[in-house]
Each structure stands twice: as C-alpha cells, then as structure tokens.
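Shown next: upload-v4.txt, containing compact mmCIF, C-alpha atoms.
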```txt
# COMPACT_ATOMS: atom_id res chain seq x y z
CA MET J 1 0.00 0.00 0.00
CA VAL J 2 1.13 3.53 -0.78
CA LYS J 3 0.03 6.57 1.20
CA LEU J 4 -0.77 9.80 -0.64
CA LYS J 5 -1.33 13.12 1.10
CA SER J 6 -3.40 15.93 -0.45
CA ASN J 7 -2.57 19.61 0.03
CA ASP J 8 -5.33 19.89 2.63
CA ASP J 9 -3.53 17.28 4.75
CA LYS J 10 -5.74 14.28 4.12
CA GLU J 11 -4.13 10.87 3.68
CA PHE J 12 -5.28 8.17 1.29
CA GLU J 13 -4.09 4.58 1.02
CA VAL J 14 -3.85 3.19 -2.49
CA GLU J 15 -2.72 -0.19 -3.76
CA GLU J 16 0.67 -0.05 -5.37
CA ALA J 17 -0.63 -1.74 -8.53
CA ALA J 18 -3.12 1.09 -8.93
CA VAL J 19 -0.88 3.97 -8.04
CA ILE J 20 1.95 3.03 -10.39
CA GLN J 21 -0.25 4.06 -13.32
CA SER J 22 1.13 7.42 -12.34
CA GLU J 23 4.56 7.63 -13.98
CA MET J 24 5.64 10.15 -11.40
CA ILE J 25 4.83 7.95 -8.41
CA LYS J 26 6.14 4.86 -10.18
CA ASN J 27 9.49 6.62 -10.57
CA MET J 28 9.46 7.68 -6.93
CA ILE J 29 8.83 4.11 -5.79
CA GLU J 30 11.54 2.75 -8.09
CA ASP J 31 13.98 5.33 -6.75
CA GLY J 32 13.08 4.38 -3.19
CA CYS J 33 11.67 7.82 -2.39
CA ALA J 34 8.23 6.60 -1.42
CA THR J 35 8.90 5.01 1.93
CA SER J 36 6.29 6.74 4.07
CA VAL J 37 3.76 9.27 2.79
CA ILE J 38 3.92 10.94 -0.62
CA PRO J 39 2.85 14.57 -0.30
CA LEU J 40 1.01 16.02 -3.30
CA PRO J 41 1.17 19.79 -2.79
CA ASN J 42 -0.80 20.59 -5.96
CA ILE J 43 -3.81 18.37 -5.44
CA ASP J 44 -6.71 18.90 -3.06
CA SER J 45 -8.52 15.97 -1.46
CA LYS J 46 -11.63 16.35 -3.61
CA THR J 47 -9.59 15.98 -6.81
CA LEU J 48 -7.39 13.26 -5.36
CA ILE J 49 -10.47 11.17 -4.52
CA LYS J 50 -11.55 11.36 -8.17
CA VAL J 51 -8.07 10.40 -9.39
CA ILE J 52 -7.89 7.43 -7.02
CA GLU J 53 -11.35 6.31 -8.13
CA TYR J 54 -10.02 6.27 -11.70
CA LEU J 55 -6.80 4.46 -10.78
CA ASN J 56 -8.67 1.74 -8.85
CA LYS J 57 -11.04 1.13 -11.74
CA HIS J 58 -8.25 0.99 -14.29
CA ILE J 59 -6.00 -1.16 -12.14
CA ASN J 60 -5.83 -4.04 -14.60
CA MET J 61 -6.37 -2.55 -17.99
CA GLY J 62 -4.80 -5.52 -19.76
CA LYS J 63 -7.03 -8.03 -17.95
CA ALA J 64 -10.16 -6.08 -18.79
CA ALA J 65 -9.53 -6.63 -22.47
CA GLU J 66 -9.20 -10.39 -21.96
CA THR J 67 -12.26 -10.85 -19.80
CA GLY J 68 -14.56 -8.69 -21.89
CA GLU J 69 -14.85 -5.98 -19.27
CA GLU J 70 -13.90 -3.35 -21.80
CA ASP J 71 -17.46 -2.13 -22.18
CA ASP J 72 -17.72 -1.79 -18.44
CA LEU J 73 -14.58 0.35 -18.44
CA LYS J 74 -15.91 2.48 -21.26
CA GLU J 75 -19.10 3.08 -19.34
CA PHE J 76 -17.10 3.99 -16.26
CA ASP J 77 -15.02 6.49 -18.26
CA GLU J 78 -18.15 8.10 -19.66
CA GLN J 79 -19.61 8.48 -16.19
CA PHE J 80 -16.29 9.60 -14.78
CA VAL J 81 -15.88 12.66 -17.01
CA ASN J 82 -19.43 13.72 -16.31
CA MET J 83 -18.37 16.53 -13.96
CA GLY J 84 -18.34 20.31 -13.80
CA TRP J 85 -15.77 22.36 -15.69
CA GLU J 86 -13.79 23.46 -12.65
CA GLU J 87 -13.58 19.89 -11.42
CA LEU J 88 -12.55 18.66 -14.85
CA PHE J 89 -9.77 21.26 -15.08
CA ASP J 90 -8.56 20.23 -11.61
CA VAL J 91 -8.43 16.57 -12.64
CA ILE J 92 -6.53 17.45 -15.85
CA MET J 93 -3.97 19.45 -13.85
CA ALA J 94 -3.62 16.55 -11.39
CA ALA J 95 -3.34 13.96 -14.17
CA ASN J 96 -0.62 16.01 -15.79
CA TYR J 97 1.25 16.47 -12.51
CA LEU J 98 1.05 12.79 -11.64
CA ASN J 99 1.76 11.91 -15.26
CA ILE J 100 -1.18 9.55 -15.84
CA HIS J 101 -1.33 9.52 -19.59
CA GLU J 102 -4.67 7.72 -20.09
CA LEU J 103 -6.50 9.95 -17.62
CA MET J 104 -5.09 13.05 -19.24
CA GLU J 105 -6.26 11.82 -22.66
CA LEU J 106 -9.71 10.97 -21.38
CA CYS J 107 -10.32 14.32 -19.69
CA CYS J 108 -8.83 16.56 -22.40
CA GLN J 109 -10.76 14.74 -25.12
CA SER J 110 -13.96 14.98 -23.12
CA ALA J 111 -13.44 18.72 -22.61
CA ALA J 112 -12.75 19.18 -26.33
CA ASP J 113 -15.84 17.15 -27.31
CA ARG J 114 -18.00 19.30 -25.07
CA LEU J 115 -16.65 22.54 -26.55
CA LYS J 116 -16.41 21.51 -30.20
CA ASN J 117 -19.78 22.68 -31.53
CA LYS J 118 -20.53 25.38 -28.98
CA SER J 119 -21.24 28.96 -29.92
CA VAL J 120 -18.95 31.71 -28.68
CA ARG J 121 -21.61 32.89 -26.27
CA ALA J 122 -22.09 29.39 -24.86
CA VAL J 123 -18.35 28.90 -24.31
CA ARG J 124 -18.05 32.21 -22.47
CA GLU J 125 -20.95 31.33 -20.22
CA MET J 126 -19.87 27.73 -19.59
CA LEU J 127 -16.32 28.66 -18.65
CA LYS J 128 -17.23 31.99 -17.00
CA ILE J 129 -15.02 33.99 -19.36
CA THR J 130 -15.47 37.74 -19.69
CA ASN J 131 -15.07 38.99 -23.22
CA ASP J 132 -12.30 41.59 -23.36
CA LEU J 133 -12.19 42.06 -27.13
CA THR J 134 -13.47 45.28 -28.65
CA GLU J 135 -16.38 45.20 -31.07
CA GLU J 136 -13.98 45.97 -33.94
CA GLU J 137 -11.67 43.11 -32.97
CA GLU J 138 -14.60 40.72 -32.80
CA GLN J 139 -15.87 41.87 -36.18
CA GLU J 140 -12.43 41.37 -37.68
CA ILE J 141 -12.32 37.78 -36.42
CA ILE J 142 -15.76 37.14 -37.92
CA ASN J 143 -14.75 38.73 -41.25
CA ASP J 144 -11.62 36.57 -41.40
CA ALA J 145 -13.68 33.39 -41.43
CA PRO J 146 -17.43 33.97 -41.56
CA TRP J 147 -17.98 30.28 -42.37
CA ALA J 148 -16.74 29.30 -38.91
CA PHE J 149 -19.74 31.04 -37.34
CA GLU J 150 -22.38 29.40 -39.50
CA GLY J 151 -23.70 25.89 -39.66
CA PRO J 152 -26.47 23.69 -38.32
CA GLU J 153 -24.15 22.03 -35.80
CA ILE J 154 -23.45 25.16 -33.81
CA ASP J 155 -24.99 24.78 -30.40
CA ASP J 156 -25.88 27.77 -28.28
CA THR J 157 -27.00 25.83 -25.22
CA VAL J 158 -25.01 25.84 -22.00
CA ASN J 159 -24.31 22.50 -20.38
CA MET L 1 7.65 23.04 0.68
CA THR L 2 9.33 24.26 -2.45
CA SER L 3 8.52 22.45 -5.61
CA ASN L 4 9.09 22.75 -9.31
CA THR L 5 5.77 21.16 -10.03
CA GLN L 6 3.82 24.30 -10.86
CA ILE L 7 5.20 24.29 -14.39
CA TYR L 8 1.93 23.04 -15.82
CA SER L 9 -0.18 26.17 -15.94
CA PRO L 10 -3.89 26.70 -16.67
CA GLU L 11 -2.64 28.10 -19.99
CA GLU L 12 -1.21 24.73 -20.90
CA THR L 13 -4.35 22.92 -19.76
CA LEU L 14 -6.27 25.08 -22.18
CA THR L 15 -3.71 24.37 -24.93
CA ASP L 16 -4.04 20.63 -24.37
CA ILE L 17 -7.81 20.86 -24.74
CA LEU L 18 -8.01 23.28 -27.66
CA ALA L 19 -5.35 21.37 -29.63
CA ARG L 20 -7.94 18.59 -30.04
CA LEU L 21 -10.50 20.80 -31.74
CA PRO L 22 -11.10 21.06 -35.47
CA VAL L 23 -10.12 24.21 -37.34
CA LYS L 24 -13.68 25.48 -37.61
CA SER L 25 -14.12 25.51 -33.81
CA LEU L 26 -10.76 27.23 -33.34
CA LEU L 27 -11.56 30.01 -35.79
CA ARG L 28 -14.83 30.60 -33.96
CA PHE L 29 -13.24 30.48 -30.51
CA LYS L 30 -10.75 33.22 -31.36
CA ARG L 31 -13.72 35.43 -30.50
CA VAL L 32 -14.14 34.09 -26.94
CA CYS L 33 -11.60 36.48 -25.39
CA LYS L 34 -8.17 37.99 -25.96
CA ARG L 35 -6.35 35.18 -24.18
CA TRP L 36 -7.94 32.51 -26.34
CA CYS L 37 -7.36 34.54 -29.48
CA ASP L 38 -3.65 35.04 -28.74
CA LEU L 39 -3.24 31.40 -27.81
CA ILE L 40 -4.91 30.05 -30.97
CA LYS L 41 -2.83 32.36 -33.18
CA SER L 42 0.50 31.49 -31.54
CA VAL L 43 3.13 29.50 -33.42
CA ARG L 44 3.44 27.14 -30.47
CA PHE L 45 -0.23 26.31 -30.59
CA ILE L 46 -0.24 25.82 -34.35
CA ARG L 47 2.55 23.29 -34.03
CA LYS L 48 0.83 21.49 -31.21
CA HIS L 49 -2.41 21.37 -33.18
CA CYS L 50 -0.61 19.87 -36.18
CA ASP L 51 1.02 17.25 -33.97
CA SER L 52 -2.22 16.28 -32.25
CA PRO L 53 -3.01 12.62 -33.11
CA GLY L 54 -6.58 13.37 -34.24
CA ASN L 55 -5.29 15.96 -36.66
CA ARG L 56 -2.68 13.79 -38.26
CA THR L 57 -3.12 14.71 -41.87
CA ARG L 58 -3.01 12.55 -44.92
CA PRO L 59 -0.62 13.32 -47.76
CA VAL L 60 -1.76 16.12 -49.98
CA VAL L 61 -0.62 16.84 -53.50
CA CYS L 62 -0.78 20.28 -54.95
CA LYS L 63 -0.79 20.51 -58.72
CA PHE L 64 -0.51 23.73 -60.62
CA GLY L 65 -1.11 23.78 -64.32
CA VAL L 66 -2.08 25.85 -67.28
CA ASP L 67 -4.62 24.61 -69.80
CA TYR L 68 -3.54 26.21 -73.06
CA ASN L 69 -6.48 24.72 -74.96
CA HIS L 70 -8.89 26.70 -72.88
CA GLU L 71 -10.72 29.43 -74.81
CA PRO L 72 -10.57 32.39 -75.06
CA GLU L 73 -7.35 32.41 -73.07
CA PRO L 74 -5.35 29.76 -71.18
CA LEU L 75 -6.81 28.72 -67.86
CA ARG L 76 -4.45 28.73 -64.93
CA ALA L 77 -5.53 26.71 -61.91
CA PHE L 78 -4.22 24.78 -59.01
CA ASN L 79 -5.73 21.74 -57.39
CA PHE L 80 -5.20 20.03 -54.07
CA TYR L 81 -5.68 16.30 -53.86
CA VAL L 82 -5.65 14.16 -50.76
CA LEU L 83 -4.04 10.74 -51.10
CA PRO L 84 -5.02 7.54 -49.27
CA GLU L 85 -3.23 6.63 -46.05
CA LYS L 86 -1.46 3.69 -47.63
CA ILE L 87 0.29 3.96 -50.94
CA PHE L 88 1.44 0.86 -52.77
CA ALA L 89 4.30 0.71 -55.21
CA GLY L 90 3.21 0.37 -58.81
CA ILE L 91 -0.41 1.35 -58.20
CA VAL L 92 -1.70 4.82 -58.95
CA PRO L 93 -3.38 5.90 -55.70
CA THR L 94 -6.94 7.14 -55.78
CA HIS L 95 -7.03 10.80 -54.99
CA HIS L 96 -9.86 13.07 -54.00
CA ARG L 97 -9.83 16.69 -54.92
CA LEU L 98 -9.96 18.85 -51.84
CA TYR L 99 -9.83 22.24 -53.34
CA ARG L 100 -9.60 23.86 -56.74
CA CYS L 101 -8.71 27.43 -57.43
CA GLU L 102 -9.32 28.59 -60.98
CA GLY L 103 -8.38 31.65 -62.94
CA VAL L 104 -5.35 32.56 -60.90
CA THR L 105 -3.98 35.23 -63.18
CA ASP L 106 -0.43 36.04 -62.26
CA PHE L 107 0.09 33.26 -59.77
CA ARG L 108 3.54 31.91 -60.26
CA CYS L 109 4.48 29.28 -57.72
CA ILE L 110 3.50 27.61 -54.47
CA TYR L 111 5.90 26.57 -51.70
CA GLY L 112 5.41 24.34 -48.72
CA PRO L 113 3.61 23.17 -46.82
CA VAL L 114 5.19 23.49 -43.40
CA ASP L 115 2.71 22.81 -40.58
CA GLY L 116 -0.12 23.26 -43.07
CA LEU L 117 1.14 26.66 -44.23
CA PHE L 118 1.98 27.50 -47.81
CA VAL L 119 3.70 30.44 -49.40
CA LEU L 120 2.30 31.73 -52.69
CA GLU L 121 4.30 33.72 -55.17
CA ASN L 122 2.77 36.20 -57.55
CA GLY L 123 4.11 38.27 -60.43
CA HIS L 124 6.37 37.37 -63.34
CA TYR L 125 8.37 40.47 -63.69
CA LEU L 126 11.64 41.66 -62.44
CA ASP L 127 10.55 43.91 -59.61
CA ASN L 128 6.95 43.27 -58.69
CA VAL L 129 7.20 39.86 -57.08
CA ARG L 130 5.04 39.45 -53.99
CA PHE L 131 4.74 36.58 -51.57
CA CYS L 132 1.94 35.70 -49.23
CA TRP L 133 1.32 33.12 -46.54
CA TRP L 134 -1.64 30.94 -47.15
CA ASN L 135 -3.36 28.62 -44.73
CA PRO L 136 -5.93 26.56 -46.70
CA ALA L 137 -7.43 25.15 -43.49
CA THR L 138 -8.35 28.56 -42.14
CA LYS L 139 -8.70 30.16 -45.58
CA GLU L 140 -6.43 32.95 -44.39
CA CYS L 141 -3.96 34.83 -46.52
CA ARG L 142 -1.33 37.18 -45.20
CA LEU L 143 0.71 39.30 -47.57
CA MET L 144 4.41 39.67 -46.86
CA PRO L 145 5.73 43.22 -47.10
CA LYS L 146 7.06 44.24 -50.50
CA PHE L 147 10.70 43.52 -50.97
CA ASN L 148 13.16 44.06 -53.79
CA PHE L 149 16.84 43.50 -54.23
CA GLU L 150 18.82 46.50 -55.42
CA LEU L 151 18.66 46.02 -59.14
CA ASP L 152 20.82 47.43 -61.86
CA LEU L 153 19.20 48.75 -65.00
CA PHE L 154 20.63 46.07 -67.21
CA PHE L 155 19.30 43.20 -65.06
CA GLU L 156 16.96 40.61 -66.43
CA ASP L 157 15.38 37.74 -64.56
CA HIS L 158 17.58 34.65 -64.67
CA SER L 159 16.74 32.13 -61.98
CA ARG L 160 15.17 31.97 -58.59
CA THR L 161 14.79 29.50 -55.79
CA ALA L 162 12.80 29.75 -52.61
CA GLY L 163 11.91 27.66 -49.64
CA MET L 164 10.19 27.83 -46.31
CA GLY L 165 10.81 26.33 -42.93
CA LEU L 166 10.30 26.61 -39.21
CA ASP L 167 13.18 28.03 -37.24
CA LEU L 168 12.97 25.85 -34.13
CA VAL L 169 15.34 28.01 -32.11
CA ASN L 170 13.18 31.12 -32.40
CA ASN L 171 9.90 29.34 -33.13
CA ASP L 172 9.54 31.44 -36.21
CA TYR L 173 8.42 30.60 -39.74
CA LYS L 174 10.95 31.78 -42.26
CA PHE L 175 11.06 32.10 -46.00
CA LEU L 176 14.26 32.17 -47.99
CA TRP L 177 14.42 33.77 -51.40
CA ILE L 178 17.36 33.39 -53.73
CA ARG L 179 17.71 35.16 -57.07
CA VAL L 180 20.28 35.28 -59.81
CA PHE L 181 20.07 37.95 -62.53
CA TYR L 182 21.11 38.12 -66.14
CA ASN L 183 23.24 40.97 -67.36
CA ASP L 184 21.49 42.05 -70.52
CA GLU L 185 24.33 44.33 -71.66
CA LYS L 186 27.07 41.78 -71.42
CA ARG L 187 24.78 38.88 -72.39
CA GLU L 188 25.87 36.77 -69.45
CA VAL L 189 24.74 35.77 -66.00
CA TYR L 190 25.55 38.42 -63.43
CA PRO L 191 28.04 36.79 -61.03
CA LYS L 192 26.24 37.32 -57.75
CA THR L 193 23.63 35.42 -55.81
CA TYR L 194 21.06 37.58 -54.06
CA VAL L 195 19.59 36.12 -50.90
CA ALA L 196 16.89 37.48 -48.61
CA LEU L 197 15.23 35.99 -45.58
CA TYR L 198 11.76 36.82 -44.34
CA SER L 199 10.76 36.22 -40.72
CA LEU L 200 7.09 35.87 -39.82
CA ASN L 201 7.68 36.98 -36.22
CA ASN L 202 9.20 40.27 -37.35
CA ASP L 203 7.12 40.45 -40.54
CA SER L 204 10.15 41.80 -42.34
CA TRP L 205 12.86 40.92 -44.85
CA LYS L 206 16.58 40.85 -44.28
CA VAL L 207 19.21 40.74 -47.01
CA LEU L 208 21.80 38.07 -46.40
CA ASP L 209 25.20 38.99 -47.78
CA GLU L 210 26.68 35.75 -46.61
CA PRO L 211 27.06 33.03 -47.65
CA ASP L 212 28.82 33.75 -50.87
CA LEU L 213 26.98 31.27 -53.02
CA ALA L 214 28.11 30.24 -56.41
CA TYR L 215 25.80 31.96 -58.86
CA ASP L 216 25.67 29.25 -61.46
CA CYS L 217 24.80 26.22 -59.37
CA GLU L 218 21.40 24.64 -58.87
CA LEU L 219 20.18 25.27 -55.40
CA CYS L 220 17.73 23.20 -53.47
CA VAL L 221 16.08 24.75 -50.46
CA THR L 222 14.42 22.65 -47.82
```

Take the structure in the file and write it out as structure tokens.
Amino acid sequence: MVKLKSNDDKEFEVEEAAVIQSEMIKNMIEDGCATSVIPLPNIDSKTLIKVIEYLNKHINMGKAAETGEEDDLKEFDEQFVNMGWEELFDVIMAANYLNIHELMELCCQSAADRLKNKSVRAVREMLKITNDLTEEEEQEIINDAPWAFEGPEIDDTVN
Amino acid sequence: MTSNTQIYSPEETLTDILARLPVKSLLRFKRVCKRWCDLIKSVRFIRKHCDSPGNRTRPVVCKFGVDYNHEPEPLRAFNFYVLPEKIFAGIVPTHHRLYRCEGVTDFRCIYGPVDGLFVLENGHYLDNVRFCWWNPATKECRLMPKFNFELDLFFEDHSRTAGMGLDLVNNDYKFLWIRVFYNDEKREVYPKTYVALYSLNNDSWKVLDEPDLAYDCELCVT
C-alpha cells in the first residue's frame, strides 16, 4: 500500500498496482523515495479522490480486455468525465502532474468534445469567461472566417 | 515546501484541450476572449495542433497547371488532392480533390507546406514579385511586405529559388528567397547570388550577404 497526502492534509491509502499508473509515483517508488507518505502539494482531497477512483477502476487494464470488461470500463469512463468544468480542469492538472497519460487523454478529449460545436456565447458562459475584445476586434475575427460562425451544428445551449 | 511542479499552468491545460479541436471551432473560438485569441494564433499552438493525433493529416498533393487549350485564353488553376493513407508501389493511388482554385492570373508558384502553411508567389516580372502566406485550413492569406533587391538597370530575370521552414530556435516561420540575374548588356549571368530571408515573427525581410553562393549552381532549399 502507498500513502498519498493531499494539500489539505488528508491521507489516502492506495494499492501499489493502482498507483503506479502514475509515472511520477512509479518513478518515486523505483527510486526508493516513497517510503512513508507521498505529499502532493498541488492536489486537493476532492480531486485526489476522483483520481484514485479512476486508478482503482483501471487497475488491470490488460485483464479487462481479456475478460470482456472493456465495455464496463468504457461506461465507467463516460460516467467519470461527467463533472463540472472546474472539477474537470482540476483533474486534468492533477493527471498532468502525476503523469497519468490515459487519464489526461480521457479528460482533455472529453473537454474538447464538449466545446467543439458550442457557440462563442455558450463557451463564455460555460467557462465563466469575460469577453475583453473590442467590437472591432470581434468583427475582424468574424470577417476573417465567416464560415466558422455558420452551420447547423453550432450549439448555443449551456451544459 | 518548495517544488518545481507548478510548471503546468492553466494556460497549458487550455492548450491541451483546444489542440484537439477542429479548425472550424478554433476560428470561432478566437472570438471568446483575448487570451484565447492570442493562444490560438501562436506559433506554439499551431505546431501542437498539427502534432495532435486526431489531426494527423493525410498526404496532400498540390498541382498547378495551365490549360492552353482553354478558350478564349489559357486557364491557370491549381488543385489540391488528398491521397489515401497507404500507398502501394506500382499502383496509382486514388485521390480526391480537396480544393480547386481557378483563374489565378499572375500566380507563379507555391511553396510548402510546413505545418499546413503555404507560401504563394505572384508576379512574373523583375521587380513586382510578392509573396503571401496561405493557410488553406483557415482560408487565411497574409501578404508579406514588399521587398526588392537593389537592381541594376541592365538586369533581367535569370533564376530563382525559394523555400520555407520553421526556425525551431526562435519558433519562427521563415522564407528564404534566392535570385540570380542576367546581365542584358554583357549577355551573361551576373556573377552574384542575391539572398533574402523573411521572418514571420518580425514580418520583415533581411538581405543576407553571406554566404557567398556560387551563382551558377542549382540550389535546393528545404
């Protein structure tokens, strides 16, 4: 078992087989630097719980393919990324810090899929971004590529 | 506790996400705010977007030709074809036309692509050559500032070579232009190679006096 400590001083025990999906922790263990508790100064407990949930589910990726549990894993992934934007950004930052390639892929792709067809207005509202472009600058961007602002796929809803 | 782990910034998180989006979304999202606009336009982002696995492009062929049988005057056009992912020796690959541009009047040559960018050359004459950057994916064209070598009166066009590339040290797209002139008075090639380098970051040309290239050799620029 490996102990991880979040930046709000909460400790979590994780099986070594699960935690070594993180390249960073795997390297620490191999270098013998993971004897007691591994402090993770960039990750809060809420995010760390999500990451550990992912690691535990993906513990035996290879086996899942053999036993036909792939669909189960897919379903888990779909459910997993079903979270708010702030939370998703936190998990991406954590996945990058811990160097968990698959988790990083999953979350970034999910974020991109959600944004892909959104209108400018919807993106601003979803991500709480204040527009700081002048009207002229905006018009120039539209004039550069008017076709990018038209099309039946463009979705103005916020979710 | 001191750590060097804060290297991964929210800026990079955003880059990692946006790099997975298609061009149409990116062009639209330049309007979200200044930060997004600057990020999407940056050379670093463009490279990352090109390298993104989902955006791995298939080989494209660009063909420029003049149809002299076309009435009333020859038709000049260029076509882009996309080739299949696998190409087999001895078999002509099927190719789909992506884009056709007809009636290009004084279009002379196309260079590239590097990271999806092309350089177009226009003008046939001695001193009115212009270049422009062209990004077919975003349908954007950006004219390079006018540039001319110092010409002598007796100069005629002799040969020219050009090429584009990405300067990895400065993360800057550059375009190299080499010209050799013909001395019309003496009826011989003028013994000097003229070289100029354009930098996209500075949006300006610089004359390169070095290297002292042989004027009568064939040059290949990559």

Residues of chain J within 10 Å of chain L, counting all atoms listed in the file - could you list those as an mmCIF file with C-alpha atoms, keeping the file's coordinate frame?
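result_2.cif was written with the following content:
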```
data_model
loop_
_atom_site.group_PDB
_atom_site.id
_atom_site.type_symbol
_atom_site.label_atom_id
_atom_site.label_comp_id
_atom_site.auth_asym_id
_atom_site.auth_seq_id
_atom_site.Cartn_x
_atom_site.Cartn_y
_atom_site.Cartn_z
ATOM 1 C CA PRO J 39 2.850 14.570 -0.300
ATOM 2 C CA LEU J 40 1.010 16.020 -3.300
ATOM 3 C CA PRO J 41 1.170 19.790 -2.790
ATOM 4 C CA ASN J 42 -0.800 20.590 -5.960
ATOM 5 C CA PHE J 89 -9.770 21.260 -15.080
ATOM 6 C CA ASP J 90 -8.560 20.230 -11.610
ATOM 7 C CA ILE J 92 -6.530 17.450 -15.850
ATOM 8 C CA MET J 93 -3.970 19.450 -13.850
ATOM 9 C CA ALA J 94 -3.620 16.550 -11.390
ATOM 10 C CA ASN J 96 -0.620 16.010 -15.790
ATOM 11 C CA TYR J 97 1.250 16.470 -12.510
ATOM 12 C CA LEU J 98 1.050 12.790 -11.640
ATOM 13 C CA MET J 104 -5.090 13.050 -19.240
ATOM 14 C CA GLU J 105 -6.260 11.820 -22.660
ATOM 15 C CA CYS J 107 -10.320 14.320 -19.690
ATOM 16 C CA CYS J 108 -8.830 16.560 -22.400
ATOM 17 C CA GLN J 109 -10.760 14.740 -25.120
ATOM 18 C CA SER J 110 -13.960 14.980 -23.120
ATOM 19 C CA ALA J 111 -13.440 18.720 -22.610
ATOM 20 C CA ALA J 112 -12.750 19.180 -26.330
ATOM 21 C CA ASP J 113 -15.840 17.150 -27.310
ATOM 22 C CA LEU J 115 -16.650 22.540 -26.550
ATOM 23 C CA LYS J 116 -16.410 21.510 -30.200
ATOM 24 C CA ASN J 117 -19.780 22.680 -31.530
ATOM 25 C CA LYS J 118 -20.530 25.380 -28.980
ATOM 26 C CA SER J 119 -21.240 28.960 -29.920
ATOM 27 C CA VAL J 120 -18.950 31.710 -28.680
ATOM 28 C CA ARG J 121 -21.610 32.890 -26.270
ATOM 29 C CA ALA J 122 -22.090 29.390 -24.860
ATOM 30 C CA VAL J 123 -18.350 28.900 -24.310
ATOM 31 C CA ARG J 124 -18.050 32.210 -22.470
ATOM 32 C CA GLU J 125 -20.950 31.330 -20.220
ATOM 33 C CA ILE J 129 -15.020 33.990 -19.360
ATOM 34 C CA THR J 130 -15.470 37.740 -19.690
ATOM 35 C CA ASN J 131 -15.070 38.990 -23.220
ATOM 36 C CA ASP J 132 -12.300 41.590 -23.360
ATOM 37 C CA LEU J 133 -12.190 42.060 -27.130
ATOM 38 C CA THR J 134 -13.470 45.280 -28.650
ATOM 39 C CA GLU J 137 -11.670 43.110 -32.970
ATOM 40 C CA GLU J 138 -14.600 40.720 -32.800
ATOM 41 C CA GLN J 139 -15.870 41.870 -36.180
ATOM 42 C CA GLU J 140 -12.430 41.370 -37.680
ATOM 43 C CA ILE J 141 -12.320 37.780 -36.420
ATOM 44 C CA ILE J 142 -15.760 37.140 -37.920
ATOM 45 C CA ASP J 144 -11.620 36.570 -41.400
ATOM 46 C CA ALA J 145 -13.680 33.390 -41.430
ATOM 47 C CA PRO J 146 -17.430 33.970 -41.560
ATOM 48 C CA TRP J 147 -17.980 30.280 -42.370
ATOM 49 C CA ALA J 148 -16.740 29.300 -38.910
ATOM 50 C CA PHE J 149 -19.740 31.040 -37.340
ATOM 51 C CA GLU J 150 -22.380 29.400 -39.500
ATOM 52 C CA ILE J 154 -23.450 25.160 -33.810
#
```

Shortest contact to Leu127 (chain J), candidates J:Asp44, J:Asp9, J:Glu87, J:Asp155, atoms counted all atoms listed in the file, goes to J:Glu87

Rank nothing, just name the residue among L:Cys50, L:Cys62, L:Val43, L:Val195 nearest to Tyr111 (chain L), using all atoms listed in the file.
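Of the candidates, the smallest distance to Tyr111 (chain L) is held by L:Cys62.
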
Give the padded box for region 177-183 of chain L as lines of an AutoDock Vina configuration file: axis-aligned, covering all atoms listed in the file, 3 Å on each side, centre and edge lengths in Å to one decimal.
```
center_x = 18.8
center_y = 37.2
center_z = -59.4
size_x = 14.8
size_y = 13.6
size_z = 22.0
```

As an exercise, work out the distance from CA of Leu55 (chain J) to CA of Ala17 (chain J) in Å and give it to one decimal place.
9.0 Å

Work out how far apart CA of Asp8 (chain J) and CA of Lys50 (chain J) are and give it in Å to one decimal.
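So the two atoms, CA of Asp8 (chain J) and CA of Lys50 (chain J), lie 15.1 Å apart.
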
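For the atom pair formed by CA of Asn201 (chain L) and CA of Leu143 (chain L), the distance is 13.5 Å, given to one decimal.
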
Which polymer residues have any atom within 9 Å of an atom of Phe147 (chain L), counting only C-alpha atoms, with same-chain residues fewer than 2 positions away left out, as a VMD selection string?
chain L and resid 127 to 130 144 to 145 149 196 204 to 205

Report as a PyMOL selection string all protein, DNA and RNA residues lying within 9 Å of Asp115 (chain L), evaluated on all atoms listed in the file, omitting residues in the same chain fewer than 3 positions from it.
chain L and resi 46-47+50-51+112+118+166

Could you write those residues out with C-alpha atoms, as a compact mmCIF listing (two decimals), in the frame of the given file?
```txt
# COMPACT_ATOMS: atom_id res chain seq x y z
CA ILE L 46 -0.24 25.82 -34.35
CA ARG L 47 2.55 23.29 -34.03
CA CYS L 50 -0.61 19.87 -36.18
CA ASP L 51 1.02 17.25 -33.97
CA GLY L 112 5.41 24.34 -48.72
CA PHE L 118 1.98 27.50 -47.81
CA LEU L 166 10.30 26.61 -39.21
```
